[in-house]
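The structure appears right after this line, and notes come after that.
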Amino acid sequence: MGRILLVGRLAVRDLRRRRIEAALLLLAIMAATTTLTLGLVLRDAASDPYQSTREATNGPDVVASVSQPAGLSGLEELAGAPGVIDHSGPYPVTPAELQASGRTSDVQAVGRDAAPASVDQPELVQGSWVSDGGVVVEAAFANVLDVRVGDPVTLDGRSFEVVGVAVTAAMPSYPEASCIVPVGCMSGATPDDLAGAELPPGLLLNPGLVWLTQADVRSLTPDPDSRSYVMNLKLAEPAEARAFVDANQAASLDAPGLESWEEILEEATHLARDTQILLLIGAWLLGLLAVASLSVLVGGRMADQTRRVGLLKAVGGTPSLVAAVLLAEYVLVAIVAAAAGLAVGSLTAPLLTESGAGLMGSAGTPSMTMSTVGLVTAVALGVAAVATVVPAVRAARSSTVNALDDAARPPRRTGWLIAISARLPVPLLLALRVAARRPRRVVLGVVSIAITVSGIFVALVLNAFLTTQPPPAGYDHAQVELLRQVLLVVMVTLLSLAAVNAIFITWATVLDNRHSSALARALGATPREVSAALAAAQVLPALVGAILGVSREASHCSPPSTRSPAATATGPRFRRSGSGSPWCWQPCSWWRHSPLFPPAWAAAVP
Amino acid sequence: MSLNGRRIDDIGEKALARMRRTDVGFVFQAFHLMEELTAVENVELSALLAGSSTRVARRRAEGLLGRVGLADRAGFLPSALSGGQRQRVAIARALSNEPVVVLADEPTGNLDSAATLDVLRLFESLHDAGQTLVIVTHDARIAATADRLISMRDGAFVDETRLSGGTTGRLGALVGLED
């Protein structure tokens with residue numbers, strides 16, 4: 001116990017002696033822990049509003065749809081399939097053109113009974129349920145159209161009145177949509193996507209969802225063969241919904257199309273999940289940068305602590321005690337940084353967890369889970385350990401006499417670099433030799449800049465993608481703005497940490513080269529040449545890092561292109577609609593295919 | 001203060017640097033070699049800083065190392081050389097740009113007697129070849145080997161003595177520097 005107290009006391013005393021360095025260490029680790037906390041909290045918050053809606057509406061576990069009346073028998077078979085305990089429908093669905101508030105929009109109109117259904121009864125947020133001549137509008141769609149209860153609308157030229165606004169868990173909220181009409185849908189297409197494209201006739205563009213009485217739907221589409229049908233299924237085991245879909249999804253175009261509630265959840269919460277992905281990517285980048293920052297800082301501090309190490313060993317401290325004292329300082333800083341990051345992250349998370357209008361309940365922030373606390377603390381300790389264990393062990397193993405002499409760590413010799421530098425002008429000669437003395441520091445500098453440039457490159461490309469007009473599919477303007485703010489926060493944090501890194505490395509380099517710079521001056525180098533050499537010794541590695549960062553991203557990560565259809569990483573791609581029509585374009589979240597989002601990280605984002 | 005008829009106490013940093021490159025060579029008590037450079041790379045550094053080509057600088061460095069008796073140590077790092085050998089490398093470096101004068105600050109301060117003798121013999125050979133040497137020392141025995149002795153106390157000039165006999169002549173034996 002006494003030894004632990006001794007180690008703690010020595011660590012705290014040394015941190016107090018160098019408060020500014022300790023503060024910078026804290027900030028470096030805290031940048032990573034805060035961003036990681038935000039990402040993890042969003043993971044938990046993403047699904048809450050959808051789950052609230054599902055509970056309130058008794059949302060379906062599986063949504064089945066067919067494009068023609070001939071497929072109704074298939075729906076009836078599904079209603080009696082093993083595992084199905086309840087169902088509602090089949091309900092007729094027809095495509096229509098809605099005009100409201102001077103705007104025209106395609107819609108999928110679902111015919112419902114006036115009586116509540118046992119499965120998927122949309123929850124009203126305004127007004128009342130369907131009645132003859134009355135239309136209930138999906139909440140997010142109503143928000144975009146700016147319609148309220150009592151507003152007049154027309155559907156295919158026929159007048160209706162908005163009698164209610166409701167939310168449902170059976171379909172993602174606008175502007176997402178599950179396509180359940182035979183003519184097919186295209187969500188999120190921009191005018192550029194449409195230019196020159198051969199579209200099937202009647203294709204719905206960015207359709208919204210409305211509910212009418214079944215009689216009104218039939219009156220909109222007198223021809224029964226042109227109506228599709230949708231049925232909502234409830235399973236005994238909701239967790240088996242995907243398995244149910246896999247087991248019952250037939251390959252035929254006429255077979256019912258099935259969509260599980262998990263698939264709807266993913267589409268309904270993709271904004272929060274995309275925000276979470278951005279934050280997790282940012283957190284990992286910041287974590288790597290923090291390791292680089294710490295490595296440089298720690299290396300410099302260890303050099304300053306050489307005599308202290310010698311003193312400890314001279315009075316009887318074992319190498320393990322010395323290593324423990326050195327490591328304890330950084331472990332303390334890491335724990336404080338983890339706690340601070342968790343606190344700041346949990347306080348700022350509500351700003352990012354605003355739910356869409358189409359789901360129930362305020363997003364709020366779920367209470368901090370033990371797994372989040374554990375993971376953030378582990379990351380903070382891991383960053384500190386990776387950066388400090390090698391210098392600490394090296395210092396602990398150093399000779400006591402040499403340590404007391406406060407002998408500087410001898411520079412490395414890089415023969416080929418010295419030979420090359422001899423052929424260069426004086427400033428570059430000296431710059432290369434400065435870099436050659438501490439190759440590890442140069443590598444840290446290159447890696448730091450490469451990570452920063454890489455992250456900023458991706459953020460800028462994402463930002464450009466998000467600012468296309470109209471907004472990309474799946475987002476309204478408010479949501480786009482939120483994502484852009486997240487990108488800005490990540491970029492600013494990356495830049496700040498990289499700037500701190502650059503200052504650390506430059507400061508360490510200048511101090512380390514005082515003697516050799518003075519010697520160069522004594523041998524005839526001018527002050528300008530020496531200054532230029534020290535500057536070039538920082539700029540050249542930064543240039544290499546910048547080139548690495550940009551070239552890596554540019555070769556793997558291109559923004560969406562309308563001229564490359566069906567590519568998994570660019571542009572819109574086809575997705576079969578539930579009604580069996582092949583024409584259901586869905587733009588892909590192309591950044592999910594970025595190399596910054598490798599499969600290993602995907603496991604952390606369920 | 002003037003060097004070669006030119007005042008040097010009021011010139012700028014750039015001119016001073018040029019002067020260090022071409023007119024003055026330095027030998028320090030602590031040697032001040034670059035630890036990561038070999039002996040020949042340390043010697044050629046002055047010439048490279050003065051703008052000599054790589055080939056010329058290397059050839060001259062090898063020649064100077066041969067002159068100081070370290071031709072077989074050209075590829076050794078300073079850590080692999082003795083104190084006397086390091087100081088001889090430093091002397092070779094100081095001669096790299098054929099300076100007008102070599103300034104040596106306590107050149108034997110960190111050396112044992114054998115290495116001191118080696119260095120003094122080297123200085124003698126340089127002096128015989130026409131090189132001007134200005135040596136700062138607290139060691140009266142070293143001072144006695146000079147042609148001209150300027151004594152200072154507390155930074156002020158005290159007196160000047162002109163000596164004869166060189167480094168290892170009768171006076172050198174008299175002061176106990178002979179083997």
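Residues in the structure tokens are named by chain (A, B, ... in the order shown) and by number from 1 within that chain; ligands are numbered from 1 in the order shown.
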Per residue of chain B within 6 Å of chain A, note the shortest atom pair and the distance in Å to one decimal, counting only C-alpha atoms, and order the rows by chain and increasing residue number, as a Markdown table.
```
| residue | atom | partner | partner_atom | distance |
| --- | --- | --- | --- | --- |
| B:Lys14 | CA | A:Thr526 | CA | 5.6 |
| B:Ala17 | CA | A:Gly524 | CA | 4.5 |
| B:Arg18 | CA | A:Gly524 | CA | 5.9 |
| B:Arg20 | CA | A:Gly524 | CA | 4.8 |
| B:Arg21 | CA | A:Gly524 | CA | 4.2 |
| B:Glu36 | CA | A:Arg413 | CA | 4.8 |
| B:Ser46 | CA | A:Leu523 | CA | 5.6 |
| B:Leu49 | CA | A:Val426 | CA | 5.8 |
```
Can you write out the residues you just picked, keeping C-alpha atoms, as a CSV table (one decimal), in the first residue's frame?
```
chain,number,residue,atom,x,y,z
B,14,LYS,CA,25.9,36.9,-41.9
B,17,ALA,CA,29.2,33.3,-40.5
B,18,ARG,CA,31.1,33.9,-43.7
B,20,ARG,CA,33.8,31.4,-39.6
B,21,ARG,CA,33.5,29.5,-42.9
B,36,GLU,CA,25.8,10.6,-35.5
B,46,SER,CA,32.7,22.6,-42.9
B,49,LEU,CA,28.6,24.4,-45.5
```
Near-stretch 68-75 of chain B list (12 Å; only C-alpha atoms; drop same-chain fewer than 6 positions) as a JSON list (two decimals) with N, CA and C atoms, in the first residue's frame:
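And here is the file that came out, result_7.json:
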```
[["chain", "number", "residue", "atom", "x", "y", "z"],
["A", 415, "GLY", "N", 22.57, 6.59, -42.25],
["A", 415, "GLY", "CA", 23.69, 6.78, -43.19],
["A", 415, "GLY", "C", 23.26, 7.26, -44.56],
["B", 36, "GLU", "N", 26.36, 11.59, -34.56],
["B", 36, "GLU", "CA", 25.81, 10.64, -35.53],
["B", 36, "GLU", "C", 26.61, 10.62, -36.84],
["B", 37, "LEU", "N", 27.63, 11.48, -36.95],
["B", 37, "LEU", "CA", 28.43, 11.50, -38.18],
["B", 37, "LEU", "C", 29.76, 10.81, -37.93],
["B", 38, "THR", "N", 30.26, 10.14, -38.97],
["B", 38, "THR", "CA", 31.58, 9.52, -38.85],
["B", 38, "THR", "C", 32.65, 10.61, -38.86],
["B", 39, "ALA", "N", 33.89, 10.18, -38.64],
["B", 39, "ALA", "CA", 35.01, 11.14, -38.59],
["B", 39, "ALA", "C", 35.11, 11.93, -39.89],
["B", 40, "VAL", "N", 35.05, 11.23, -41.02],
["B", 40, "VAL", "CA", 35.20, 11.93, -42.30],
["B", 40, "VAL", "C", 34.00, 12.83, -42.56],
["B", 41, "GLU", "N", 32.79, 12.41, -42.14],
["B", 41, "GLU", "CA", 31.62, 13.25, -42.34],
["B", 41, "GLU", "C", 31.68, 14.49, -41.46],
["B", 42, "ASN", "N", 32.24, 14.37, -40.27],
["B", 42, "ASN", "CA", 32.41, 15.54, -39.42],
["B", 42, "ASN", "C", 33.39, 16.53, -40.06],
["B", 43, "VAL", "N", 34.47, 16.00, -40.61],
["B", 43, "VAL", "CA", 35.49, 16.88, -41.18],
["B", 43, "VAL", "C", 34.95, 17.57, -42.43],
["B", 44, "GLU", "N", 34.24, 16.85, -43.28],
["B", 44, "GLU", "CA", 33.78, 17.44, -44.54],
["B", 44, "GLU", "C", 32.63, 18.43, -44.34],
["B", 58, "ARG", "N", 34.84, 15.64, -49.66],
["B", 58, "ARG", "CA", 35.24, 14.31, -49.19],
["B", 58, "ARG", "C", 36.72, 14.08, -49.40],
["B", 59, "ARG", "N", 37.24, 14.50, -50.52],
["B", 59, "ARG", "CA", 38.66, 14.25, -50.80],
["B", 59, "ARG", "C", 39.52, 15.03, -49.81],
["B", 60, "ARG", "N", 39.15, 16.26, -49.59],
["B", 60, "ARG", "CA", 39.91, 17.10, -48.67],
["B", 60, "ARG", "C", 39.84, 16.54, -47.25],
["B", 61, "ALA", "N", 38.62, 16.08, -46.86],
["B", 61, "ALA", "CA", 38.46, 15.52, -45.50],
["B", 61, "ALA", "C", 39.35, 14.30, -45.31],
["B", 62, "GLU", "N", 39.39, 13.45, -46.30],
["B", 62, "GLU", "CA", 40.23, 12.25, -46.18],
["B", 62, "GLU", "C", 41.70, 12.62, -46.08],
["B", 81, "LEU", "N", 35.94, 6.52, -30.87],
["B", 81, "LEU", "CA", 37.27, 7.12, -30.88],
["B", 81, "LEU", "C", 37.66, 7.53, -29.47],
["B", 82, "SER", "N", 38.95, 7.56, -29.22],
["B", 82, "SER", "CA", 39.42, 8.04, -27.92],
["B", 82, "SER", "C", 39.33, 9.56, -27.89],
["B", 84, "GLY", "N", 41.72, 11.76, -27.48],
["B", 84, "GLY", "CA", 42.74, 12.37, -28.33],
["B", 84, "GLY", "C", 42.38, 12.28, -29.80],
["B", 85, "GLN", "N", 41.83, 11.13, -30.19],
["B", 85, "GLN", "CA", 41.43, 10.96, -31.60],
["B", 85, "GLN", "C", 40.29, 11.90, -31.95],
["B", 86, "ARG", "N", 39.37, 12.07, -31.04],
["B", 86, "ARG", "CA", 38.27, 13.00, -31.33],
["B", 86, "ARG", "C", 38.79, 14.41, -31.50],
["B", 87, "GLN", "N", 39.73, 14.79, -30.66],
["B", 87, "GLN", "CA", 40.24, 16.16, -30.77],
["B", 87, "GLN", "C", 41.00, 16.34, -32.07],
["B", 88, "ARG", "N", 41.66, 15.29, -32.52],
["B", 88, "ARG", "CA", 42.37, 15.38, -33.81],
["B", 88, "ARG", "C", 41.37, 15.49, -34.96],
["B", 89, "VAL", "N", 40.26, 14.81, -34.85],
["B", 89, "VAL", "CA", 39.20, 14.96, -35.87],
["B", 89, "VAL", "C", 38.71, 16.40, -35.86],
["B", 90, "ALA", "N", 38.55, 16.95, -34.65],
["B", 90, "ALA", "CA", 38.08, 18.34, -34.55],
["B", 90, "ALA", "C", 39.11, 19.29, -35.16],
["B", 91, "ILE", "N", 40.37, 19.01, -34.96],
["B", 91, "ILE", "CA", 41.41, 19.85, -35.57],
["B", 91, "ILE", "C", 41.35, 19.75, -37.09],
["B", 92, "ALA", "N", 41.17, 18.54, -37.58],
["B", 92, "ALA", "CA", 41.04, 18.35, -39.04],
["B", 92, "ALA", "C", 39.86, 19.14, -39.58],
["B", 93, "ARG", "N", 38.77, 19.12, -38.82],
["B", 93, "ARG", "CA", 37.59, 19.88, -39.25],
["B", 93, "ARG", "C", 37.89, 21.36, -39.30],
["B", 94, "ALA", "N", 38.63, 21.83, -38.28],
["B", 94, "ALA", "CA", 38.94, 23.26, -38.22],
["B", 94, "ALA", "C", 39.80, 23.69, -39.42],
["B", 95, "LEU", "N", 40.57, 22.75, -39.98],
["B", 95, "LEU", "CA", 41.45, 23.07, -41.10],
["B", 95, "LEU", "C", 40.76, 22.90, -42.45],
["B", 118, "ASP", "N", 50.14, 14.24, -28.14],
["B", 118, "ASP", "CA", 49.79, 14.02, -29.54],
["B", 118, "ASP", "C", 49.26, 15.29, -30.17],
["B", 119, "VAL", "N", 48.37, 15.94, -29.42],
["B", 119, "VAL", "CA", 47.73, 17.14, -29.96],
["B", 119, "VAL", "C", 48.76, 18.26, -30.12],
["B", 120, "LEU", "N", 49.62, 18.37, -29.12],
["B", 120, "LEU", "CA", 50.61, 19.44, -29.21],
["B", 120, "LEU", "C", 51.58, 19.20, -30.36],
["B", 121, "ARG", "N", 51.94, 17.97, -30.59],
["B", 121, "ARG", "CA", 52.81, 17.66, -31.72],
["B", 121, "ARG", "C", 52.12, 18.01, -33.04],
["B", 122, "LEU", "N", 50.83, 17.74, -33.07],
["B", 122, "LEU", "CA", 50.06, 18.08, -34.27],
["B", 122, "LEU", "C", 50.06, 19.58, -34.48],
["B", 123, "PHE", "N", 49.85, 20.32, -33.38],
["B", 123, "PHE", "CA", 49.85, 21.79, -33.49],
["B", 123, "PHE", "C", 51.22, 22.26, -34.00],
["B", 124, "GLU", "N", 52.26, 21.60, -33.51],
["B", 124, "GLU", "CA", 53.59, 21.99, -33.93],
["B", 124, "GLU", "C", 53.76, 21.79, -35.43],
["B", 125, "SER", "N", 53.29, 20.67, -35.92],
["B", 125, "SER", "CA", 53.43, 20.40, -37.35],
["B", 125, "SER", "C", 52.62, 21.39, -38.17],
["B", 126, "LEU", "N", 51.45, 21.75, -37.66],
["B", 126, "LEU", "CA", 50.62, 22.71, -38.39],
["B", 126, "LEU", "C", 51.33, 24.08, -38.41]]
```
Might you pull out every residue within 12 Å of B:Gly130, with only C-alpha atoms counted and same-chain residues fewer than 6 positions away left off, and present them as a ChimeraX atom specification? /B:98-102,123-124
Residue contacts of stretch 381-394 of chain A (10 Å, only C-alpha atoms) excluding same-chain residues fewer than 6 positions away, as a ChimeraX atom specification: /A:25,29,32,287-303,309,319-320,322-335,337-338,375
Kindly export the residues of the current selection with N, CA and C atoms, as a compact mmCIF listing (two decimals), in the first residue's frame.
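The result, written out as part-v1.txt:
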```txt
# COMPACT_ATOMS: atom_id res chain seq x y z
N LEU A 25 -1.70 17.27 -22.45
CA LEU A 25 -1.92 15.82 -22.50
C LEU A 25 -3.40 15.51 -22.31
N ILE A 29 -6.07 13.66 -25.10
CA ILE A 29 -6.82 12.42 -24.87
C ILE A 29 -8.31 12.72 -24.81
N ALA A 32 -10.29 12.74 -28.07
CA ALA A 32 -10.69 11.41 -28.55
C ALA A 32 -11.82 10.83 -27.71
N GLY A 287 -8.18 9.46 -31.78
CA GLY A 287 -7.44 8.55 -30.92
C GLY A 287 -6.03 8.32 -31.44
N LEU A 288 -5.92 8.09 -32.77
CA LEU A 288 -4.60 7.89 -33.36
C LEU A 288 -3.75 9.14 -33.24
N LEU A 289 -4.39 10.29 -33.48
CA LEU A 289 -3.65 11.54 -33.33
C LEU A 289 -3.19 11.75 -31.89
N ALA A 290 -4.07 11.37 -30.94
CA ALA A 290 -3.71 11.52 -29.54
C ALA A 290 -2.51 10.65 -29.20
N VAL A 291 -2.44 9.45 -29.78
CA VAL A 291 -1.28 8.58 -29.54
C VAL A 291 -0.03 9.26 -30.06
N ALA A 292 -0.11 9.85 -31.27
CA ALA A 292 1.06 10.53 -31.84
C ALA A 292 1.45 11.72 -30.95
N SER A 293 0.45 12.51 -30.51
CA SER A 293 0.74 13.66 -29.65
C SER A 293 1.41 13.21 -28.37
N LEU A 294 0.82 12.21 -27.77
CA LEU A 294 1.37 11.73 -26.50
C LEU A 294 2.77 11.19 -26.67
N SER A 295 3.00 10.48 -27.77
CA SER A 295 4.34 9.90 -27.98
C SER A 295 5.40 10.99 -27.99
N VAL A 296 5.09 12.08 -28.67
CA VAL A 296 6.08 13.16 -28.75
C VAL A 296 6.22 13.84 -27.39
N LEU A 297 5.09 14.13 -26.78
CA LEU A 297 5.13 14.80 -25.46
C LEU A 297 5.85 13.94 -24.44
N VAL A 298 5.48 12.68 -24.43
CA VAL A 298 6.07 11.78 -23.43
C VAL A 298 7.56 11.64 -23.67
N GLY A 299 7.95 11.53 -24.96
CA GLY A 299 9.37 11.42 -25.26
C GLY A 299 10.14 12.61 -24.74
N GLY A 300 9.56 13.81 -24.93
CA GLY A 300 10.21 15.01 -24.42
C GLY A 300 10.27 15.04 -22.90
N ARG A 301 9.16 14.64 -22.25
CA ARG A 301 9.14 14.64 -20.79
C ARG A 301 10.12 13.62 -20.22
N MET A 302 10.20 12.48 -20.87
CA MET A 302 11.15 11.45 -20.39
C MET A 302 12.57 11.98 -20.44
N ALA A 303 12.88 12.71 -21.52
CA ALA A 303 14.23 13.26 -21.62
C ALA A 303 14.49 14.23 -20.47
N VAL A 309 14.94 10.08 -12.81
CA VAL A 309 15.01 8.61 -12.86
C VAL A 309 16.29 8.15 -12.17
N PRO A 319 13.88 -0.79 -11.11
CA PRO A 319 13.39 -0.40 -12.45
C PRO A 319 11.86 -0.46 -12.55
N SER A 320 11.25 -1.43 -11.90
CA SER A 320 9.78 -1.54 -12.00
C SER A 320 9.11 -0.38 -11.27
N VAL A 322 10.42 2.60 -10.90
CA VAL A 322 10.64 3.78 -11.75
C VAL A 322 9.64 3.77 -12.92
N ALA A 323 9.49 2.62 -13.56
CA ALA A 323 8.52 2.53 -14.67
C ALA A 323 7.11 2.82 -14.18
N ALA A 324 6.77 2.32 -12.99
CA ALA A 324 5.43 2.54 -12.44
C ALA A 324 5.19 4.03 -12.19
N VAL A 325 6.19 4.73 -11.65
CA VAL A 325 6.04 6.17 -11.40
C VAL A 325 5.82 6.91 -12.71
N LEU A 326 6.61 6.56 -13.71
CA LEU A 326 6.50 7.24 -15.00
C LEU A 326 5.15 6.97 -15.64
N LEU A 327 4.71 5.71 -15.59
CA LEU A 327 3.43 5.36 -16.22
C LEU A 327 2.26 5.93 -15.45
N ALA A 328 2.39 6.00 -14.12
CA ALA A 328 1.26 6.44 -13.28
C ALA A 328 0.82 7.85 -13.65
N GLU A 329 1.78 8.71 -14.01
CA GLU A 329 1.41 10.08 -14.38
C GLU A 329 0.42 10.07 -15.53
N TYR A 330 0.74 9.26 -16.52
CA TYR A 330 -0.08 9.29 -17.73
C TYR A 330 -1.37 8.52 -17.56
N VAL A 331 -1.33 7.52 -16.69
CA VAL A 331 -2.57 6.80 -16.39
C VAL A 331 -3.54 7.73 -15.68
N LEU A 332 -3.02 8.54 -14.75
CA LEU A 332 -3.87 9.51 -14.04
C LEU A 332 -4.50 10.49 -15.03
N VAL A 333 -3.66 11.01 -15.91
CA VAL A 333 -4.17 11.96 -16.91
C VAL A 333 -5.23 11.29 -17.78
N ALA A 334 -4.98 10.03 -18.15
CA ALA A 334 -5.93 9.32 -19.02
C ALA A 334 -7.27 9.12 -18.31
N ILE A 335 -7.22 8.79 -17.03
CA ILE A 335 -8.48 8.56 -16.29
C ILE A 335 -9.28 9.86 -16.20
N ALA A 337 -9.05 12.35 -18.25
CA ALA A 337 -9.51 12.66 -19.62
C ALA A 337 -10.72 11.82 -19.98
N ALA A 338 -10.74 10.56 -19.56
CA ALA A 338 -11.89 9.69 -19.85
C ALA A 338 -13.13 10.23 -19.14
N LEU A 375 -15.71 1.27 -22.34
CA LEU A 375 -14.99 1.37 -23.61
C LEU A 375 -14.20 2.68 -23.69
```
Which of stretch 12-150 of chain B fall in helix (DSSP H, G or I), as a VMD selection string: chain B and resid 13 to 22 39 to 49 54 to 67 71 to 73 78 to 80 83 to 94 113 to 128 140 to 143
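Taking atom CA of A:Ser346 and atom CA of A:Leu494 as endpoints, the distance between them is 20.1 Å.
Distance check against A:Val480 using only C-alpha atoms: of A:Gln51, A:Thr467, A:Thr37, A:Ser226, the minimum falls on A:Thr467.
Atom CA of B:Ala114 is found 29.9 Å from atom CA of A:Ala403.
From atom CA of A:Glu263 back to atom CA of A:Glu237, the distance works out to 15.9 Å.
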Give me the residues within 8 Å of A:Thr168 as an MDAnalysis selection string, counting only C-alpha atoms and dropping any in the same chain fewer than 6 places off. chainID A and resid 53:54 57 59 120:123 138 358:359
Find the spatial neighbours of B:Thr116, counting only C-alpha atoms, within a cut-off of 9 Å - ignore same-chain residues fewer than 5 positions away - and output them as number ranges by chain. B: 84, 107-111, 121, 177
Find the spatial neighbours of A:Arg227, counting only C-alpha atoms, within a cut-off of 6 Å - ignore same-chain residues fewer than 3 positions away - and output them as an MDAnalysis selection string. chainID A and resid 93:94 224
Taking all heavy atoms for each residue, export the selection above as a PDB file, in the first residue's frame.
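Saved result, again.pdb, follows:
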```
ATOM      1  N   VAL A  93     -53.285  -0.234 -51.982  1.00  0.00           N
ATOM      2  CA  VAL A  93     -52.352   0.898 -52.094  1.00  0.00           C
ATOM      3  C   VAL A  93     -52.380   1.381 -53.531  1.00  0.00           C
ATOM      4  O   VAL A  93     -52.394   0.565 -54.469  1.00  0.00           O
ATOM      5  CB  VAL A  93     -50.906   0.491 -51.721  1.00  0.00           C
ATOM      6  CG1 VAL A  93     -49.989   1.714 -51.728  1.00  0.00           C
ATOM      7  CG2 VAL A  93     -50.869  -0.205 -50.366  1.00  0.00           C
ATOM      8  N   THR A  94     -52.378   2.684 -53.705  1.00  0.00           N
ATOM      9  CA  THR A  94     -52.342   3.236 -55.052  1.00  0.00           C
ATOM     10  C   THR A  94     -51.405   4.431 -55.111  1.00  0.00           C
ATOM     11  O   THR A  94     -51.297   5.182 -54.135  1.00  0.00           O
ATOM     12  CB  THR A  94     -53.754   3.659 -55.502  1.00  0.00           C
ATOM     13  OG1 THR A  94     -53.707   4.052 -56.893  1.00  0.00           O
ATOM     14  CG2 THR A  94     -54.270   4.853 -54.691  1.00  0.00           C
ATOM     15  N   PRO A 224     -59.030  -2.406 -60.627  1.00  0.00           N
ATOM     16  CA  PRO A 224     -58.466  -3.166 -59.496  1.00  0.00           C
ATOM     17  C   PRO A 224     -57.093  -3.749 -59.802  1.00  0.00           C
ATOM     18  O   PRO A 224     -56.295  -3.966 -58.894  1.00  0.00           O
ATOM     19  CB  PRO A 224     -59.509  -4.267 -59.243  1.00  0.00           C
ATOM     20  CG  PRO A 224     -60.325  -4.332 -60.489  1.00  0.00           C
ATOM     21  CD  PRO A 224     -60.260  -3.011 -61.145  1.00  0.00           C
TER      22      PRO A 224
END
```
